[in-house]
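A.B. asks: I have a structure I would like to understand better, so I am pasting it below and will then ask my questions one at a time.
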2 protein chains.
Amino acid sequence: MTSQATGTGDVEVDALLDLAREAGPVLAASDPVRRAQLLDGLADALDAARDDLVPLAADETRLSRDRLVGEVARTSGQLRMFSRVVLEGSMFEAVLDDADDSVVPPRPDLRRMLRPLGPVVVFAAGNFPFAFSVLGGDTASALAAGCPVLVKAHPGHLGLSAATAELAASVVREQGWPAGTLAVVQGTDAGVRVLSAPEVKAAGFTGSVAGGLALQQVAQRRPDPIPFYGELGSTNPVVVTPAAVAERGSEIAAGFVGSFTLGAGQFCTKPGLLLLPVGHGLEADIEQAVSAAPSAPMLTPSMFAAYGAGLATLAEHTGTRLLATSAATAPDDGRSVTPTVLALSVPTFLADRELLGEECFGPVSLVVEYDGVDELRQAVDALPGSLVASLQLATEDADWVGALLEDLVARTGRLVVNGWPTGVAVTWAMQHGGPHPVTTSSLHTSVGATAPRRWLRPVAYQGVPDHHLPPALQSANPWHVPRRVNGVLTPAPVTSS
Amino acid sequence: MTSQATGTGDVEVDALLDLAREAGPVLAASDPVRRAQLLDGLADALDAARDDLVPLAADETRLSRDRLVGEVARTSGQLRMFSRVVLEGSMFEAVLDDADDSVVPPRPDLRRMLRPLGPVVVFAAGNFPFAFSVLGGDTASALAAGCPVLVKAHPGHLGLSAATAELAASVVREQGWPAGTLAVVQGTDAGVRVLSAPEVKAAGFTGSVAGGLALQQVAQRRPDPIPFYGELGSTNPVVVTPAAVAERGSEIAAGFVGSFTLGAGQFCTKPGLLLLPVGHGLEADIEQAVSAAPSAPMLTPSMFAAYGAGLATLAEHTGTRLLATSAATAPDDGRSVTPTVLALSVPTFLADRELLGEECFGPVSLVVEYDGVDELRQAVDALPGSLVASLQLATEDADWVGALLEDLVARTGRLVVNGWPTGVAVTWAMQHGGPHPVTTSSLHTSVGATAPRRWLRPVAYQGVPDHHLPPALQSANPWHVPRRVNGVLTPAPVTSS
């Protein structure tokens, strides 16, 4: 196992770029069955290595073993979902239009599908050392798309990243894939070198606003700019209606505290803002739940330091008051923190929304108290884009809920009613990404079955002889993919292999 | 009819932005039948006004009446195609995943669809005053997506743009749509003001590299950057194999000249580079065809001037030689030009590929002569991204054609075999857009059935009560759209309305 503090050197990075370039056409040409085999093989290997990897991850991230065991299952499940997505075949978006000489001008034979962009670089996140790291969603979706992957390891779990890379390399070797199918580099310099390389055709990033925007600039300022899919900080507002408070206020208070303290508040879907009506009377419930919450370590010492500074800024803001804090004492280990809830008014929020609407990564959340529905609508109008927006409603709620719901939808990628934003199901319908500033492109998702779309581009083939077409467009449909033929959607059975 | 040289003023622009913002939710909520009615109504109105609009267009653009009559038909046909696309419903990408309490963690009810981004700005092109202008593909696809449109008129046909806008406004009024559904502004300042406005959520552009990149900067440097879909200049290389020359060289020469001189060489799909084997012997054929080509006027005096400068740079390049020029004399009207073909070697092209690989808007094309397949591969490797790449093959051709074809696909959005790049069928399978630098996003198309995808973003709804869901996601499927339900594609019949 290697864990170089210095990062991967230029010579090694360039060698890995060469290998990724060579792997590109092989992955692009690989049929769905073979690509599914790779994804399933990686899933199986990850599950099999769980008991070796989890202790490594726990040591580096201080996340609990239970949580990490669950995350491994989520990550292997995600690889297997993409395996099913590839086999199902809709992701190729194959379309065939027959030639038609009867129209003016005559219509040529035209076929279109999505083709892989080529090697991609994935900047791993720190808070999900499995699910958003070396074998996480960006990697899995890129492999599903037929793109080789270079992962820039997160500095918070370099040992785990190296071990996961070795595991992946053995699967790649055993299955006979090119060596450049998947590789890991370490260090900011190596990451920027990969992102700047002409061999690399797209980038995925999950992390901080500052880091993401800096890397986006690198991607945009290349001689040939490439797509940069950045998932940055998100505040994930939760609106609670007065009727919902009346119906189940205590339950909502407990759910809120449970959600924002998950993983020491280090979820990208953490509810960072809870909008409650003035006079909600839930102070005691929130206090009780927060008071009972234990201390928990942050992922890295630098995140600990950043959280301390961010929390101090919020707490010292003249418009905020302390609503609840934990009774636990955090050990003086340079990592551990306890949860905090601050409260403020809508006018305070509106007056300083840049600061107060920004994610503070760690176990703090803000209760914004609204005085009437007009003030609530004003607050919602001032919300930045988010990954998730939530709405706690009563069984029978006010008429204005419909319009409020549309306002929330305009500012988010996922709307949750009577649930909590943490917890991201890996399914066909998931959307993880939303309007500025939360992701650099709101048109795509980094979780769920459509995530491979980020690594694919459409290509049309006009009058191309059958044997020169990609298999998904050949008349015999050897890949068994669903296709649109002369405008009509024609589902194809999943191949039985 | 208004045709202000000064451009639309700030106050008027802001009023139009207000109207567009108000129209947004109405268009977004409109059902497919109603949206199709708008697109069909615009198509019918355009066809009905053809004999009034074509003379206007001919006067402003100097394009021939026959060509413009054909373009009106193409444009109304395009509006009707998007009407069918909306009714078919796949473009909403509706996905439903049922809740599942049996899995760990329990899976919530999750539904996802594409929703309109909101008002978009379209920067019209000069070379297709109907098909890429006020009621062109960007506008039609945005309306299909449910987005209001603000068109920045091209200065080359302001009168036609105003007349088309009036026509559209009357359809909008008659059908009871909001006034902000479609509007036209004039002048660069007005265009930049619209592009910078917070009400506007995306931009489409067809035009020059310099203009497109400048506007892209505006879009990217907004406080909230928005997607900018720019179609810039393209060289559209055509590779002719030695076997194809042997089999039908004269036919290829004639086809080439016919294609690059279409519309006075002012097609974005003009073949700007013809790669022929050294010793092809087609000089006489090309000369004969070019010699017989008449003079034709450029769209605007400034395009005439730019073409003159561009042609001079190419002709005076030490590595080029004149291969063919027209026998016609262009009238000294400050608009008219005659076609020219220059020839050069692959080493010349490689040594100065930035200059020689750039589009020169007008009736000039370069014959690049390759000395053997290795040199051909080198030239192809050096090609910039293009909208279309073409390959002229013989019935039985060389083994290396397959690899060459893949190299071309890597550099283009559409590959044509044994055809010419001009002519863009408006169908389900069309792709119009390709790798850098030809479009600012190679992941999308500006022509064909998937063009609305640019103006849509995915939104997931988790646990949202049925009556708060958009119709496409409601359990009863009142919009009759195809949906993916628990992973299975379930086509729905087109509504009979």
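If you're wondering about the labels, chains in the structure tokens are A, B, ... by order shown, residues count from 1 in each chain, ligands from 1 in order shown.
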Per DSSP on the backbone, filter range 342-404 of chain A down to the residues in strand (DSSP E or B) and report them as a list in words.

C.D. replies: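 So, restricting range 342-404 of chain A to strand (DSSP E or B), we get Leu342, Ala343, Leu344, Ser345, Val364, Ser365, Leu366, Val367, Val368, Glu369, Tyr370, Ser386, Leu387, Val388, Ala389, Ser390, Leu391 and Gln392 of chain A.
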
A.B. asks: Any chance you could export the current selection's N, CA and C atoms as a PDB file, in the first residue's frame?

C.D. replies:
```
ATOM      1  N   LEU A 342     -28.739  27.240  15.584  1.00  0.00           N
ATOM      2  CA  LEU A 342     -28.888  28.676  15.782  1.00  0.00           C
ATOM      3  C   LEU A 342     -30.223  29.111  15.185  1.00  0.00           C
ATOM      4  N   ALA A 343     -30.768  30.191  15.721  1.00  0.00           N
ATOM      5  CA  ALA A 343     -32.043  30.694  15.192  1.00  0.00           C
ATOM      6  C   ALA A 343     -31.889  32.138  14.743  1.00  0.00           C
ATOM      7  N   LEU A 344     -32.695  32.514  13.768  1.00  0.00           N
ATOM      8  CA  LEU A 344     -32.667  33.882  13.263  1.00  0.00           C
ATOM      9  C   LEU A 344     -34.004  34.178  12.595  1.00  0.00           C
ATOM     10  N   SER A 345     -34.224  35.458  12.285  1.00  0.00           N
ATOM     11  CA  SER A 345     -35.475  35.865  11.638  1.00  0.00           C
ATOM     12  C   SER A 345     -35.282  35.906  10.123  1.00  0.00           C
ATOM     13  N   VAL A 364     -24.105  21.832  12.216  1.00  0.00           N
ATOM     14  CA  VAL A 364     -24.847  23.032  12.598  1.00  0.00           C
ATOM     15  C   VAL A 364     -25.976  23.227  11.608  1.00  0.00           C
ATOM     16  N   SER A 365     -27.113  23.706  12.092  1.00  0.00           N
ATOM     17  CA  SER A 365     -28.205  24.064  11.200  1.00  0.00           C
ATOM     18  C   SER A 365     -28.856  25.336  11.723  1.00  0.00           C
ATOM     19  N   LEU A 366     -29.466  26.076  10.815  1.00  0.00           N
ATOM     20  CA  LEU A 366     -30.094  27.344  11.174  1.00  0.00           C
ATOM     21  C   LEU A 366     -31.606  27.205  11.121  1.00  0.00           C
ATOM     22  N   VAL A 367     -32.271  27.639  12.184  1.00  0.00           N
ATOM     23  CA  VAL A 367     -33.724  27.730  12.162  1.00  0.00           C
ATOM     24  C   VAL A 367     -34.082  29.162  11.782  1.00  0.00           C
ATOM     25  N   VAL A 368     -34.720  29.311  10.631  1.00  0.00           N
ATOM     26  CA  VAL A 368     -35.137  30.643  10.173  1.00  0.00           C
ATOM     27  C   VAL A 368     -36.626  30.769  10.468  1.00  0.00           C
ATOM     28  N   GLU A 369     -36.967  31.752  11.305  1.00  0.00           N
ATOM     29  CA  GLU A 369     -38.362  31.876  11.753  1.00  0.00           C
ATOM     30  C   GLU A 369     -39.106  32.901  10.901  1.00  0.00           C
ATOM     31  N   TYR A 370     -40.162  32.428  10.250  1.00  0.00           N
ATOM     32  CA  TYR A 370     -40.914  33.308   9.346  1.00  0.00           C
ATOM     33  C   TYR A 370     -42.200  33.780  10.005  1.00  0.00           C
ATOM     34  N   SER A 386     -30.236  24.374  -4.511  1.00  0.00           N
ATOM     35  CA  SER A 386     -29.835  23.311  -3.575  1.00  0.00           C
ATOM     36  C   SER A 386     -30.004  21.947  -4.228  1.00  0.00           C
ATOM     37  N   LEU A 387     -29.329  20.955  -3.644  1.00  0.00           N
ATOM     38  CA  LEU A 387     -29.520  19.576  -4.099  1.00  0.00           C
ATOM     39  C   LEU A 387     -30.929  19.107  -3.780  1.00  0.00           C
ATOM     40  N   VAL A 388     -31.387  19.429  -2.586  1.00  0.00           N
ATOM     41  CA  VAL A 388     -32.686  18.964  -2.103  1.00  0.00           C
ATOM     42  C   VAL A 388     -33.385  20.119  -1.396  1.00  0.00           C
ATOM     43  N   ALA A 389     -34.678  20.240  -1.606  1.00  0.00           N
ATOM     44  CA  ALA A 389     -35.502  21.130  -0.794  1.00  0.00           C
ATOM     45  C   ALA A 389     -36.630  20.269  -0.246  1.00  0.00           C
ATOM     46  N   SER A 390     -36.997  20.517   1.013  1.00  0.00           N
ATOM     47  CA  SER A 390     -38.007  19.670   1.642  1.00  0.00           C
ATOM     48  C   SER A 390     -39.155  20.512   2.169  1.00  0.00           C
ATOM     49  N   LEU A 391     -40.281  19.846   2.286  1.00  0.00           N
ATOM     50  CA  LEU A 391     -41.500  20.519   2.715  1.00  0.00           C
ATOM     51  C   LEU A 391     -42.201  19.580   3.691  1.00  0.00           C
ATOM     52  N   GLN A 392     -42.425  20.090   4.901  1.00  0.00           N
ATOM     53  CA  GLN A 392     -43.177  19.312   5.888  1.00  0.00           C
ATOM     54  C   GLN A 392     -44.592  19.851   5.905  1.00  0.00           C
TER      55      GLN A 392
END
```

A.B. asks: If we count only C-alpha atoms, which residues of chain B reach to within 7 Å of chain A? Please list them as an MDAnalysis selection string.

C.D. replies: chainID B and resid 95:97 107 110:112 224 402 413:418 425 428:431 436 442:444 456:464 468 487

A.B. asks: Which residues are close to Thr329 in chain B, i.e. within 8 Å by only C-alpha atoms, leaving aside same-chain residues fewer than 2 positions away? Reply as a ChimeraX atom specification.

C.D. replies: /B:295,326-327,331,338

A.B. asks: Kindly save the residues from that selection, with N, CA and C atoms included, as a PDB file, in the first residue's frame.

C.D. replies:
```pdb
ATOM      1  N   SER B 295     -21.568  33.956 -60.046  1.00  0.00           N
ATOM      2  CA  SER B 295     -21.308  34.779 -58.866  1.00  0.00           C
ATOM      3  C   SER B 295     -22.583  34.814 -58.029  1.00  0.00           C
ATOM      4  N   SER B 326     -13.916  30.755 -60.636  1.00  0.00           N
ATOM      5  CA  SER B 326     -15.055  30.874 -61.537  1.00  0.00           C
ATOM      6  C   SER B 326     -14.714  31.745 -62.741  1.00  0.00           C
ATOM      7  N   ALA B 327     -15.337  31.421 -63.863  1.00  0.00           N
ATOM      8  CA  ALA B 327     -15.170  32.247 -65.053  1.00  0.00           C
ATOM      9  C   ALA B 327     -16.084  33.464 -64.995  1.00  0.00           C
ATOM     10  N   PRO B 331     -20.462  41.177 -60.054  1.00  0.00           N
ATOM     11  CA  PRO B 331     -20.754  42.609 -60.172  1.00  0.00           C
ATOM     12  C   PRO B 331     -20.111  43.368 -59.004  1.00  0.00           C
ATOM     13  N   THR B 338     -17.359  35.167 -56.252  1.00  0.00           N
ATOM     14  CA  THR B 338     -17.356  33.954 -57.065  1.00  0.00           C
ATOM     15  C   THR B 338     -16.556  32.890 -56.323  1.00  0.00           C
TER      16      THR B 338
END
```

A.B. asks: Which residue out of B:Arg222, B:Arg62, B:Arg193, B:Arg50 has the minimum interatomic distance to Ala163 in chain B when only C-alpha atoms are used?

C.D. replies: B:Arg50

A.B. asks: Could you state the separation of CA of Ser475 in chain A and CA of Leu143 in chain A in Å, given to one decimal place?

C.D. replies: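 These two atoms are separated by 25.7 Å.
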
A.B. asks: So which residues touch Glu199 in chain A within 9 Å, counting only C-alpha atoms, skipping near sequence neighbours fewer than 5 positions away, as a list in words?

C.D. replies: Leu17, Asp18, Ala20, Arg21, Gly118, Pro119, Val120 and Val194 of chain A

A.B. asks: Now that the selection is made, can you save its residues with C-alpha atoms as a short mmCIF file (atom, residue, chain, number, x, y, z; two decimals), in the first residue's frame?

C.D. replies:
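Everything below was put into result15.cif:
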```
data_model
loop_
_atom_site.label_atom_id
_atom_site.label_comp_id
_atom_site.auth_asym_id
_atom_site.auth_seq_id
_atom_site.Cartn_x
_atom_site.Cartn_y
_atom_site.Cartn_z
CA LEU A 17 -2.74 9.32 -19.18
CA ASP A 18 -1.19 7.28 -21.99
CA ALA A 20 -6.17 5.82 -20.27
CA ARG A 21 -6.00 7.06 -23.87
CA GLY A 118 -13.16 9.30 -23.66
CA PRO A 119 -11.08 9.30 -20.45
CA VAL A 120 -12.59 11.26 -17.57
CA VAL A 194 -4.82 15.24 -15.37
#
```
